[in-house]
Amino acid sequence: MTISFIIICCIVAVGAIAAMSLRNLVHCALCLTVSLAGLAALYLRLEAQFVGFAQILVYIGAVAILIVFAILLTRSNEPDESAVPRAGSWSGVAGVAVALVVFGTLVLSILSSSVGKTDLPASPGATVKDLGNQLMTHYVVPLEAIALLLTSAMIGAVLIAKPDKLRAGRVVKGGGEHASGT
Amino acid sequence: MDEGLRSELSKQGIFTSTLEDLYNWGRQNSVWPLQFGLACCAIEMIATSMARFDLARFGAEVFRPSPRQADLMIVAGTVTKKMAPQVVRLYNQMPEPKYVIAMGACAISGGPFKQGYNVLKGIDRFIPVDVHIPGCPPRPEALLHAFMTLQQRIDGQRLTGKSRPRHLNAEAPSEFPVPQFGAKDLEPPFNPEVWQPPRLVRSE
Amino acid sequence: MGNPVDQIFVILKHWLLSFCPEGYVPIASILLSVIPIMAVFGGLFALTTILERKGLGRIQNRYGPNRVGPCGLFQPIADGVKMLTKEDIVPRAADQVIHFLAPFALIGPVYIAYSVLPVGRNMAALDLDAGLLFFFAVGAGSELAIFMGGWSSRNKYSLLGAMRAVAQMISYEVPLILSSVPVIMLAGSLSPTAIVDAQGGHSHGLMQWHLFTPWGIAGFFLFMIAASAEANRTPFDIPEGESEIIAGYMVEYSGFKFALFFLGEYLGLFAICGLGITLFLGGWHSPFVFLEWIPSYFWFFGKLMAMIFVFIWLRGTLPRLRMDQLMGFGWKFMLPMTLLNILVAAIWHLSKTWLFPGVYLTRWALCLGILCAAYVWLGRSLAGNRSVGKRVYRFAD
Amino acid sequence: MKTTVVEPPVPSGAPVGLPAGDGRFSLLPKTSFDGRVETELLEVAMGPHHPSTHGVFRMDVVLDGETIVKLKPVFGYLHRNHEKIAENVSYLASIPYTDRLDYLCSMTNNWAYALSVEKLAGLEPPERAEYIRVIMAELTRLANHVCLIGFLAQDMGALGTPLMYGFREREKILDLFEALSGSRMMCNYMRFGGCRLDLPPGWVREARVVVDNFPKFLEEFDNLLSGNEILMARTQGVGVLTAELAVNAGITGPMLRASGVNYDIRKVDRYGIYDRFEFRVPLGDHGDVYDRYMIRLLEMWESLKILRQALDDIPEGPVMDPNAKIRNFKPKPGECYERIEGPKGELGFYLVSDGGANPYRYRVRPPSLVNLTVLEDMCLGHNVADAVAILGSVDIVLGEVDR
Amino acid sequence: MTTEYDPYLFLAVFLGIALVFPLAPLGLARLWAVLYSNNKPGPIKNATYECGLESKGDARVQFRSDYYLYGIVFLIFDVEALFLLPFAVAFTGLPMGAIVAMLVFLLLLVEGLVWAWKKGVLSWT
Amino acid sequence: MTTLNQYLIVSALLFAVGLAGALTRRNAILVLVGIELMLNAANLNFIAFWRFGPNPELLRGVMFVVFSIGIAAAEAAVGLALIIAVYRHYKTTDLNRMDTLKG
Amino acid sequence: MLGEGIIKGMAETARNFIGSYSDPERLVTVQYPEEHIPAKQNARNFPFLVFDVEDPVAGLRCVACKICEKECPPQCIYIVMDRDDKGKPCKHPKVFDIDVSVCMSCQICVEVCPFDAIKMDTEFELSETNRYGGLLLTKDRLSKSNEYYHKIHSVEAAEVDARLADEKAKAEEKVKAKLAAAATAKAAAQAAKPVAG
Amino acid sequence: MMPMQTLEEIKKRLESAVPGVCVEIVSNDSPCQQRSLLVDRDHGPQVAAWLRRDDALRLDYLSNVTGVDWPEVVTKQKIKVKRKVDGVEKEVEEVVQTRSGGYLEAVYHLYSMELKQGAVVIRMRTGDRDQQNKLPSLTPIWRSAELQEREIYDLFGIVFEGHPDLRRILMWDGFEAHPMRRDYVEPDDYEYEPTPHDSVLAKAKAHYPPEVAP
Ligand code: SF4
Ligand code: SF4
Ligand code: SF4
């Protein structure tokens with residue numbers, strides 16, 4: 001347990017809790033990025049450099065942006081009174097209770113197992129090159145699968161999010177010829 | 001900020017005076033005007049910032065479109081009554097220290113159009129003006145001259161003491177009420193805190 | 001290694017470290033790396049602002065600032081003093097906390113991106129195995145900062161500016177990364193230091209910069225276009241498009257916070273130019289072998305200044321694109337071109353094994369041919385059905 | 001050019017909303033735009049303080065995303081009561097006020113006014129004065145168009161460089177004006193019955209130098225802008241104005257000709273001595289922003305042609321009608337409307353005299369104002385950035401729009 | 001190469017300093033404000049700027065989904081780039097088969113791009 | 001030195017927070033954020049087990065996480081797209097209200 | 001659409017950039033406080049009153065006829081005619097104020113003045129922090145000598161001088177003629193007187 | 001190109017084309033001789049539409065629209081009349097009052113871009129200056145009238161019926177007067193006048209304390 005670890009853990013935890021409890025959704029999204037950045041730091045501590053930076057690139061650079069877009073697109077960026085579980089709300093209490101139970105069982109099982117007591121083994125020294133070699137040899141099939149997945153996810157997401165019928169009837173009137181994009 | 005600390009500081013005369021020099025030097029050499037033109041005089045203002053006259057030589061070519069980043073409002077042109085509230089609001093939205101140059105007859109007094117029902121007879125009725133440039137339109141050099149006048153004025157400003165300028169005085173206002181549109185005229189037609197008709201002694 | 005003039009800063013640092021008590025060497029060493037980076041690039045920012053203003057002035061047939069200090073060189077100081085003493089306005093409607101944090105969120109990531117840039121021989125603060133990835137990842141942080149600034153101001157223009165900025169930056173981030181992929185492929189590393197080293201060889205007196213290959217030329221231009229979009233420079237300065245949305249996401253920022261945004265933008269520009277130099281222009285290497293005696297950091301900063309000059313030049317010349325054109329250009333031109341460039345780089349590499357006379361020229365012709373064909377085709381299709389082009393006019397008597 | 005008579009287009013929508021404080025109308029409709037708009041509409045005021053509204057113009061735009069679904073121009077921020085003042089001062093004293101109408105082109109304003117008064121009172125300016133007027137008008141056209149193109153380029157984000165070049169050339173013309181009339185912008189030069197002063201010695205030579213050097217500059221502009229892909233992409237197909245709409249909405253000047261209508265008052269009315277000069281009228285086929293830009297550029301070439309002829313042919317003689325009375329000038333009762341082809345379009349003055357020393361009714365037909373009629377039609381469906389470019393291409397000067 | 005320090009420590013320290021760095025001038029500015037020229041907020045001064053008019057309506061309205069569509073495409077290609085990087089690093093040592101595999105990977109994604117292109121997702125309206 | 005357990009506890013905490021958020025918050029976007037958090041907790045587990053487990057040179061955990069990031073990205077894109085589509089229909093992102101509005 | 005236009009534009013700006021170091025045509029800046037654009041012959045800014053002899057009070061050409069006051073479009077001239085002790089007007093302005101904060105430099109006052117008493121100045125460095133004291137030009141600030149007039153508008157001033165001299169000569173002649181006529185009349189009368197007587 | 005028809009011809013054809021219309025030719029004695037057609041306000045749009053479509057005229061371009069205010073003027077004229085006073089025929093002076101004006105007028109200048117001819121001037125008059133201040137709008141026929149008619153509404157107070165967007169254009173919305181009318185009284189804001197004259201002087205005086213009044 002080093003100081004840096006504690007600090008990072010605090011960042012992750014506080015960020016996560018804030019992300020889940022703040023009222024303003026944009027604040028939530030920003031806190032989420034803080035939490036994820038902390039997580040990236042944990043990956044770095046575990047000498048998974050590539051994953052750590054990838055986490056920042058994808059989660060902070062893209063997913064967070066997407067979430068922010070979604071928030072602005074749905075106009076839920078205003079503090080929403082009903083968003084925070086009220087004290088008496090049954091579902092709110094139940095949700096927290098379930099989470100606490102899960103947390104308790106997890107911690108108990110972690111502490112009771114002996115695997116976790118081992119100390120850090122020597123650094124594996126995994127470079128990106130190794131990663132690349134592994135990826136292009138052992139993991140080719142998952143690679144292609146993920147390409148398929150990404151493509152279909154993109155198509156799916158676009159289809160869902162795209163306002164099809166609206167796009168067709170865009171208001172164009174007057175002398176202005178409607179300039180479509182280049 | 002308590003008075004004690006302030007007097008303590010003013011005791012350290014040298015410190016304050018070098019600070020004052022630095023402050024005034026910085027302010028006077030980096031006056032960013034608000035990108036703001038009202039009428040014909042604005043064209044001469046633009047001409048001033050163009051190649052021939054080159055306001056940039058004084059470090060003042062950074063015409064900021066947002067009042068938040070501007071130091072100087074050049075009221076260049078006729079301020080109509082319809083526009084006056086906007087001008088005052090823009091002035092209010094500028095951060096201190098801020099300066100105003102009234103460029104051209106119209107901005108000073110309504111100028112040639114002062115007989116019009118919709119023309120404000122001088123922007124100084126609502127906001128304090130630092131330098132007036134007469135002329136219709138003033139030549140670009142006249143604007144440069146006014147600019148240097150403003151620099152001198154800044155240079156002479158004390159950091160502390162009674163004679164310190166408005167923006168250093170916590171009591172003095174830095175925003176002024178925006179006039180409202182009335183049924184016939186602006187309401188109020190002028191702001192007595194900023195402007196009062198001077199006594200005019202005249203022999204017949 | 002190398003001559004002492006070249007290594008003077010490294011030597012200096014070690015000399016200074018030798019005074020340091022044992023336990024504190026790492027931290028002292030870190031500080032000795034961090035502080036110069038911050039100071040040098042901060043100073044470069046000040047210098048660039050005045051050079052930009054003077055350069056633009058010259059382009060526009062005038063002098064530019066020339067009164068404050070010798071040749072107006074103290075202008076940035078005066079600006080700084082003024083900004084420092086300016087009142088700081090936070091709009092009432094603004095989200096106070098985020099409004100305050102946004103400049104920090106911009107400066108922080110932008111600065112740490114410098115840690116992997118080799119500014120001279122042995123002068124990279126860090127040599128990370130995934131250095132480039134780090135650079136890109138950190139660059140992504142500035143998007144959020146700009147969004148924070150624009151959103152928190154709660155001003156229509158700034159929010160519009162922020163959304164535009166984010167949309168623009170994400171659109172050009174992909175081409176930015178992809179345009180550097182060919183370099184990574186052929187250098188075989190994500191470490192900037194290794195990439196610079198890979199350009200250290202020479203043939204016929206000419207260094208083997210990546211620029212001197214067909215995919216390198218294309219990659220360089222694509223990279224720089226994407227870079228100028230990432231740094232919000234003309235012709236991609238839409239987020240601040242003065243004539244439309246006042247000052248974009250910075251509308252409500254005053255005083256030194258505004259200066260910090262400016263600083264952040266320029267630092268981003270330097271960083272990305274530095275990366276361009278590292279990837280394509282041989283980093284701190286000189287172009288010719290016989291010029292190797294000039295200290296490496298001079299080369300780096302010389303190239304940096306040259307690139308900045310080009311940016312100033314562009315800024316003085318071009319109008320800005322429209323949002324849809326910008327996005328269209330990013331996705332329909334830049335992305336296909338960068339993808340194609342990866343292919344070309346692969347072909348270039350694989351064709352190394354070909355053996356027949358004139359192979360070198362053939363490879364060049366092949367690669368350039370592919371690129372040019374795609375360029376023409378994509379450029380045409382970009383103009384699209386709007387039939388943009390030169391026109392002839394009628395005259396009536 | 002044959003314009004077909006079409007059913008008059010329905011003028012853009014009925015007024016919506018109620019006045020809010022600050023004189024702002026809410027443009028947001030109560031119900032959505034036929035359900036065709038997917039996002040919430042954003043209402044943005046562009047102006048009166050906005051870097052690209054050429055002064056204190058204001059456009060209230062309603063945006064769907066970034067697309068304009070509604071645009072209402074708001075005028076009056078520079079309403080200086082020119083007409084009212086002119087009705088209270090003598091005919092002579094109005095001349096300096098006309099300078100300030102379209103403050104980029106004081107000479108043509110002078111001319112239009114002088115022409116109207118001359119028609120009203122039956123004065124004939126001498127030949128030399130007519131030549132001088134043509135020279136001044138064409139120089140003004142040059143000065144106006146270079147400014148316009150500079151501003152247009154700046155509106156599209158060029159960091160002032162074209163504007164600087166434009167102003168560089170404009171300064172040369174202003175120097176000529178100053179040498180002649182004493183003032184750079186507010187020339188107050190023409191009088192009913194002629195011109196105030198004769199050309200100073202050497203002026204024609206200087207003017208010829210300026211005219212001879214101008215093509216170099218026009219080519220520079222051409223290189224810098226006309227072929228620029230970004231500019232072309234930004235302007236071609238943007239803000240298209242059809243010939244029918246243009247005619248119906250009373251659009252005049254380069255904007256009309258960019259839509260392909262051959263109507264140049266210099267050719268139609270042949271006022272002054274325009275029938276003596278050889279020049280052509282450039283016409284556009286698309287009526288978009290690029291055409292409006294190019295028409296102005298080409299028009300400058302034609303102006304240079306006129307200038308060369310006029311400078312060569314200018315006769316000696318008096319510059320003032322000896323019968324003209326400047327002070328205590330009281331034309332007979334009656335009314336008169338005369339117009340000229342100003343750089344921005346048809347500039348006309350409508351004067352009613354009741355026999356007194358002041359005009360009974362004095363009215364300026366402002367080309368800029370009328371040209372703004374179709375602003376919304378041109379902007380709908382376009383981007384905000386396009387609206388800025390379109391507004392720039394209309395070439396307005398607020399002094400004239402609001403008077 | 002100087003390796004006296006742990007790279008992550010370096011990054012942490014650098015990030016810390018870089019984050020604190022803006023505090024210095026801002027603090028100085030604050031100090032100046034406290035000492036000499038106090039901030040003078042006011043109802044108009046601190047109102048939202050809108051071209052000199054009173055601001056009307058909230059700025060935070062719902063944006064159009066174009067932004068989101070670009071976001072999706074960006075996200076997908078960002079991830080793609082992420083997979084490309086290790087491949088690129090290992091490229092020179094890879095067998096032909098791996099390269100072909102990567103080509104297939106790319107083509108799959110390009111197909112998505114082409115689809116989006118054709119669908120007009122990449123056209124900003 | 002940090003042990004595996006500590007990482008696992010952090011991961012459990014993250015998971016629990018994500019779970020609590022997903023269960024209690026009524027805004028669909030936040031539910032998605034909670035799910036993201038849980039996914040990340042899992043990722044942390046993978047990395048930790050990889051680092052502390054045998055054969056780290058095989059990079060199994062890292063690979064898994066890299067793929068997981070990709071999948072999470074896809075999931076986020078689709079999920080948010082769904083939310084946007086639903087919002088367009090019901091003009092709300094509140095799950096409860098969506099329930100009542102159904103039909 | 002392949003970038004030629006952009007390159008052409010870049011070349012143009014580059015030409016200007018380089019030209020600004022070598023070609024005065026391309027560096028048009030006149031560094032104002034040190035250098036001045038030479039004033040034009042006809043240049044005008046604000047009016048001033050011309051006095052002839054060394055005396056700025058008595059030498060004023062203005063006779064306070066108030067024509068300019070009446071014709072000035074924005075009405076920024078204010079004249080009070082001087083009166084002697086008996087209240088008889090004596091052709092001299094007691095007060096002659098021009099409010100340059102209103103004056104539109106239109107030169108109409110100059111044009112209408114029948115006595116060439118008011119002319120246009122070229123002075124433009126009039127920026128003032130004090131609007132009331134500084135911008136209302138009174139008679140003493142307005143009065144400038146004929147030499148000054150010659151200095152700023154040499155051609156015009158020479159013309160005016162010639163005209164004035166001419167007029168003066170004519171007037172003198174007239175007076176002389178009148179005198180002579182009177183004299184002859186007188187003489188005639190005298191001559192006639194005896195006849196009548 | 002045929003020379004344009006004279007106003008008389010137009011009038012004649014107009015009267016046959018638009019039944020019930022009442023057109024008058026307004027003379028103009030100034031040297032420019034621009035006469036105009038006074039059209040009754042009920043038939044304004046029909047007349048306009050006819051003018052625009054008529055093959056010989058094709059007045060497709062409405063250039064200038066403006067208002068003129070003619071307040072009621074009572075001109076007194078002394079005339080001598082012979083009358084029997086007390087049975088004796090005497091020449092007495094009598095004052096005859098002629099009333100003229102008392103209406104607002106909208107003047108339209110029409111040209112033809114197609115046939116390059118013009119101008120035909122038409123004018124319409126309101127009933128009076130207060131209550132019956134309505135005229136039909138010609139904006140549906142010529143778009144160019146849109147802003148100019150708004151301006152007339154703003155400055156003169158003529159209400160154009162059928163105008164799509166009749167709001168104040170130059171003055172702000174709460175403004176309550178029509179400043180271009182001849183009887184408009186300007187707001188009194190001459191608080192400071194260093195060089196006042198006549199009416200301005202009178203106004204300015206009111207604002208100065210007596211001891212400083214000029
Ligand atoms: S002072 Fe003269 S030039 Fe300036 S705005 Fe007024 S009228 Fe125009
Ligand atoms: S120049 Fe014109 S405005 Fe000035 S005093 Fe003379 S007449 Fe009046
Ligand atoms: S200046 Fe001339 S016009 Fe004016 S009062 Fe004197 S003499 Fe008369």
# chains A, B, ... in the order shown; residues from 1 in each chain; ligands from 1
$ closest_atom_pairs --of "chain G" --to "ligand 1" --cutoff "10 Å" --atoms "only C-alpha atoms and all ligand atoms" --output "JSON lines"
{"residue": "G:Ser101", "atom": "CA", "partner": "ligand 1", "partner_atom_place_in_ligand_line": "1 (S)", "distance": 8.7}
{"residue": "G:Val102", "atom": "CA", "partner": "ligand 1", "partner_atom_place_in_ligand_line": "1 (S)", "distance": 7.9}
{"residue": "G:Cys103", "atom": "CA", "partner": "ligand 1", "partner_atom_place_in_ligand_line": "1 (S)", "distance": 8.5}
{"residue": "G:Met104", "atom": "CA", "partner": "ligand 1", "partner_atom_place_in_ligand_line": "2 (Fe)", "distance": 5.9}
{"residue": "G:Ser105", "atom": "CA", "partner": "ligand 1", "partner_atom_place_in_ligand_line": "2 (Fe)", "distance": 8.5}
{"residue": "G:Cys106", "atom": "CA", "partner": "ligand 1", "partner_atom_place_in_ligand_line": "2 (Fe)", "distance": 9.9}
$ interface_residues --of "chain G" --to "chain H" --cutoff "8 Å" --atoms "only C-alpha atoms" --output "PyMOL selection string"
chain G and resi 75-78+97-99+136
$ residues_around --residues "B:Phe147" --least-positions-apart "5" --cutoff "10 Å" --atoms "only C-alpha atoms" --output "compact mmCIF listing (two decimals) with N, CA and C atoms, in the first residue's frame"
# COMPACT_ATOMS: atom_id res chain seq x y z
N GLN B 28 -0.80 50.54 -20.74
CA GLN B 28 -0.85 51.49 -21.83
C GLN B 28 -0.32 50.88 -23.12
N VAL B 31 -3.48 47.93 -25.11
CA VAL B 31 -4.88 48.34 -25.08
C VAL B 31 -5.59 47.65 -26.23
N LEU B 55 -2.48 50.75 -36.53
CA LEU B 55 -2.65 50.85 -35.09
C LEU B 55 -1.83 49.77 -34.38
N PHE B 58 1.23 50.10 -31.98
CA PHE B 58 1.11 50.37 -30.55
C PHE B 58 0.63 49.14 -29.79
N ALA B 60 -2.07 47.55 -30.43
CA ALA B 60 -3.50 47.64 -30.20
C ALA B 60 -4.31 47.10 -31.37
N LEU B 72 -10.66 48.68 -24.37
CA LEU B 72 -10.98 50.01 -24.86
C LEU B 72 -12.21 49.92 -25.74
N ILE B 74 -14.00 51.97 -28.46
CA ILE B 74 -13.95 53.14 -29.32
C ILE B 74 -15.36 53.35 -29.83
N ILE B 101 -13.04 55.80 -25.81
CA ILE B 101 -12.71 56.92 -26.69
C ILE B 101 -13.97 57.25 -27.47
N VAL B 131 -11.34 59.98 -23.69
CA VAL B 131 -10.78 60.89 -24.68
C VAL B 131 -11.83 61.17 -25.74
N ILE B 133 -12.44 62.70 -29.57
CA ILE B 133 -11.78 63.14 -30.80
C ILE B 133 -12.81 63.88 -31.62
N GLU B 141 -5.09 59.54 -38.33
CA GLU B 141 -4.03 60.05 -37.47
C GLU B 141 -4.61 60.64 -36.20
N ALA B 142 -5.79 61.24 -36.32
CA ALA B 142 -6.39 61.82 -35.13
C ALA B 142 -6.72 60.72 -34.13
N GLN B 152 -1.06 58.53 -22.48
CA GLN B 152 -0.53 59.48 -21.51
C GLN B 152 -1.42 59.55 -20.29
N ARG B 153 -2.69 59.51 -20.55
CA ARG B 153 -3.62 59.57 -19.43
C ARG B 153 -3.43 58.38 -18.51
N SER G 127 -7.50 65.87 -29.89
CA SER G 127 -8.09 64.96 -28.91
C SER G 127 -8.04 65.59 -27.53
$ residues_near_ligand --ligand "ligand 2" --cutoff "9 Å" --atoms "only C-alpha atoms and all ligand atoms" --output "number ranges by chain"
B: 111-112; D: 93, 96; G: 44-48, 68-77, 98-100, 102-112, 118-120
$ select_by_dssp --residues "chain B" --states "strand (DSSP E or B)" --output "count of residues only"
22
$ residues_near_ligand --ligand "ligand 3" --cutoff "7 Å" --atoms "only C-alpha atoms and all ligand atoms" --output "count of residues only"
19
$ residues_around --residues "G:Asp140" --least-positions-apart "3" --cutoff "9 Å" --atoms "only C-alpha atoms" --output "MDAnalysis selection string"
chainID G and resid 56:57 96 137 143:144
$ write_last_selection --atoms "N, CA and C atoms" --output "mmCIF file, in the first residue's frame"
data_model
loop_
_atom_site.group_PDB
_atom_site.id
_atom_site.type_symbol
_atom_site.label_atom_id
_atom_site.label_comp_id
_atom_site.auth_asym_id
_atom_site.auth_seq_id
_atom_site.Cartn_x
_atom_site.Cartn_y
_atom_site.Cartn_z
ATOM 1 N N PRO G 56 -4.976 90.061 -33.708
ATOM 2 C CA PRO G 56 -5.987 89.020 -33.821
ATOM 3 C C PRO G 56 -7.384 89.485 -33.420
ATOM 4 N N VAL G 57 -7.502 90.634 -32.851
ATOM 5 C CA VAL G 57 -8.844 91.090 -32.473
ATOM 6 C C VAL G 57 -9.412 92.043 -33.532
ATOM 7 N N PHE G 96 -17.522 84.493 -30.934
ATOM 8 C CA PHE G 96 -17.552 83.643 -32.106
ATOM 9 C C PHE G 96 -17.134 82.266 -31.642
ATOM 10 N N LEU G 137 -14.487 75.874 -29.340
ATOM 11 C CA LEU G 137 -13.434 76.801 -29.730
ATOM 12 C C LEU G 137 -13.994 78.216 -29.708
ATOM 13 N N SER G 143 -8.980 82.422 -33.998
ATOM 14 C CA SER G 143 -8.319 83.438 -34.818
ATOM 15 C C SER G 143 -6.917 82.991 -35.189
ATOM 16 N N LYS G 144 -6.673 82.990 -36.454
ATOM 17 C CA LYS G 144 -5.336 82.656 -36.916
ATOM 18 C C LYS G 144 -4.963 83.645 -38.003
#
$ closest_atom_pairs --of "chain C" --to "chain A" --cutoff "7 Å" --atoms "only C-alpha atoms" --output "CSV"
residue,atom,partner,partner_atom,distance
C:Asp129,CA,A:Thr127,CA,6.6
C:Ala130,CA,A:Phe50,CA,6.1
C:Leu133,CA,A:Phe53,CA,6.4
C:Phe134,CA,A:Phe53,CA,5.6
C:Phe136,CA,A:Leu57,CA,6.9
C:Ala137,CA,A:Leu57,CA,4.2
C:Ala140,CA,A:Gly61,CA,4.6
C:Gly141,CA,A:Gly61,CA,6.3
C:Asp324,CA,A:Gly181,CA,5.4
C:Gln325,CA,A:Thr182,CA,5.6
C:Gly328,CA,A:Thr182,CA,6.1
C:Leu382,CA,A:Thr182,CA,5.4
C:Ala383,CA,A:Thr182,CA,5.8
C:Gly384,CA,A:Thr182,CA,6.0
$ write_last_selection --atoms "N, CA, C and O atoms" --output "mmCIF file, in the first residue's frame"
data_model
loop_
_atom_site.group_PDB
_atom_site.id
_atom_site.type_symbol
_atom_site.label_atom_id
_atom_site.label_comp_id
_atom_site.auth_asym_id
_atom_site.auth_seq_id
_atom_site.Cartn_x
_atom_site.Cartn_y
_atom_site.Cartn_z
ATOM 1 N N ASP C 129 7.507 3.518 -23.985
ATOM 2 C CA ASP C 129 7.345 2.529 -25.041
ATOM 3 C C ASP C 129 6.115 2.862 -25.881
ATOM 4 O O ASP C 129 6.114 2.680 -27.092
ATOM 5 N N ALA C 130 5.082 3.356 -25.225
ATOM 6 C CA ALA C 130 3.866 3.726 -25.959
ATOM 7 C C ALA C 130 3.758 5.239 -26.040
ATOM 8 O O ALA C 130 2.688 5.811 -25.884
ATOM 9 N N LEU C 133 1.164 6.881 -28.321
ATOM 10 C CA LEU C 133 -0.186 6.653 -27.829
ATOM 11 C C LEU C 133 -0.464 7.605 -26.671
ATOM 12 O O LEU C 133 -1.539 8.197 -26.562
ATOM 13 N N PHE C 134 0.552 7.753 -25.840
ATOM 14 C CA PHE C 134 0.423 8.689 -24.727
ATOM 15 C C PHE C 134 0.110 10.080 -25.239
ATOM 16 O O PHE C 134 -0.798 10.759 -24.760
ATOM 17 N N PHE C 136 -1.241 11.025 -28.038
ATOM 18 C CA PHE C 136 -2.601 11.159 -28.576
ATOM 19 C C PHE C 136 -3.633 11.123 -27.462
ATOM 20 O O PHE C 136 -4.619 11.849 -27.482
ATOM 21 N N ALA C 137 -3.384 10.233 -26.501
ATOM 22 C CA ALA C 137 -4.352 10.090 -25.422
ATOM 23 C C ALA C 137 -4.477 11.391 -24.661
ATOM 24 O O ALA C 137 -5.574 11.877 -24.352
ATOM 25 N N ALA C 140 -6.342 14.093 -26.282
ATOM 26 C CA ALA C 140 -7.793 13.982 -26.213
ATOM 27 C C ALA C 140 -8.346 14.760 -25.044
ATOM 28 O O ALA C 140 -9.498 15.171 -25.050
ATOM 29 N N GLY C 141 -7.505 14.948 -24.037
ATOM 30 C CA GLY C 141 -7.986 15.657 -22.858
ATOM 31 C C GLY C 141 -8.380 17.089 -23.149
ATOM 32 O O GLY C 141 -9.289 17.624 -22.527
ATOM 33 N N ASP C 324 -19.704 22.358 -42.208
ATOM 34 C CA ASP C 324 -19.987 21.120 -42.929
ATOM 35 C C ASP C 324 -18.843 20.747 -43.850
ATOM 36 O O ASP C 324 -18.500 19.580 -43.993
ATOM 37 N N GLN C 325 -18.198 21.781 -44.419
ATOM 38 C CA GLN C 325 -17.068 21.470 -45.281
ATOM 39 C C GLN C 325 -15.916 20.911 -44.477
ATOM 40 O O GLN C 325 -15.222 20.000 -44.902
ATOM 41 N N GLY C 328 -16.817 17.432 -43.651
ATOM 42 C CA GLY C 328 -16.730 16.642 -44.860
ATOM 43 C C GLY C 328 -15.285 16.392 -45.252
ATOM 44 O O GLY C 328 -14.894 15.277 -45.590
ATOM 45 N N LEU C 382 -15.014 15.615 -53.557
ATOM 46 C CA LEU C 382 -15.289 16.556 -52.477
ATOM 47 C C LEU C 382 -16.038 17.765 -53.028
ATOM 48 O O LEU C 382 -16.976 18.273 -52.422
ATOM 49 N N ALA C 383 -15.576 18.195 -54.213
ATOM 50 C CA ALA C 383 -16.291 19.306 -54.843
ATOM 51 C C ALA C 383 -17.714 18.885 -55.142
ATOM 52 O O ALA C 383 -18.638 19.670 -55.068
ATOM 53 N N GLY C 384 -17.848 17.608 -55.474
ATOM 54 C CA GLY C 384 -19.154 16.981 -55.518
ATOM 55 C C GLY C 384 -20.083 17.523 -56.567
ATOM 56 O O GLY C 384 -19.675 18.141 -57.549
#
$ residues_around --residues "G:Arg26" --least-positions-apart "2" --cutoff "10 Å" --atoms "only C-alpha atoms" --output "ChimeraX atom specification"
/B:51 /C:58-62 /D:165,168 /G:15-24,28-29
$ interface_residues --of "chain E" --to "chain B" --cutoff "7 Å" --atoms "only C-alpha atoms" --output "PyMOL selection string"
chain E and resi 34-38+40+42+44-46+52-53
$ write_last_selection --atoms "C-alpha atoms" --output "short mmCIF file (atom, residue, chain, number, x, y, z; two decimals), in the first residue's frame"
data_model
loop_
_atom_site.label_atom_id
_atom_site.label_comp_id
_atom_site.auth_asym_id
_atom_site.auth_seq_id
_atom_site.Cartn_x
_atom_site.Cartn_y
_atom_site.Cartn_z
CA VAL E 34 -7.51 42.13 -3.65
CA LEU E 35 -4.78 44.68 -3.18
CA TYR E 36 -5.63 47.28 -5.72
CA SER E 37 -8.55 46.94 -7.99
CA ASN E 38 -11.30 44.89 -6.55
CA LYS E 40 -16.74 44.80 -9.11
CA GLY E 42 -22.74 43.72 -11.14
CA ILE E 44 -25.29 43.66 -16.03
CA LYS E 45 -21.60 43.03 -16.05
CA ASN E 46 -22.04 39.45 -15.03
CA GLY E 52 -25.05 43.74 -26.45
CA LEU E 53 -28.60 42.64 -25.99
#
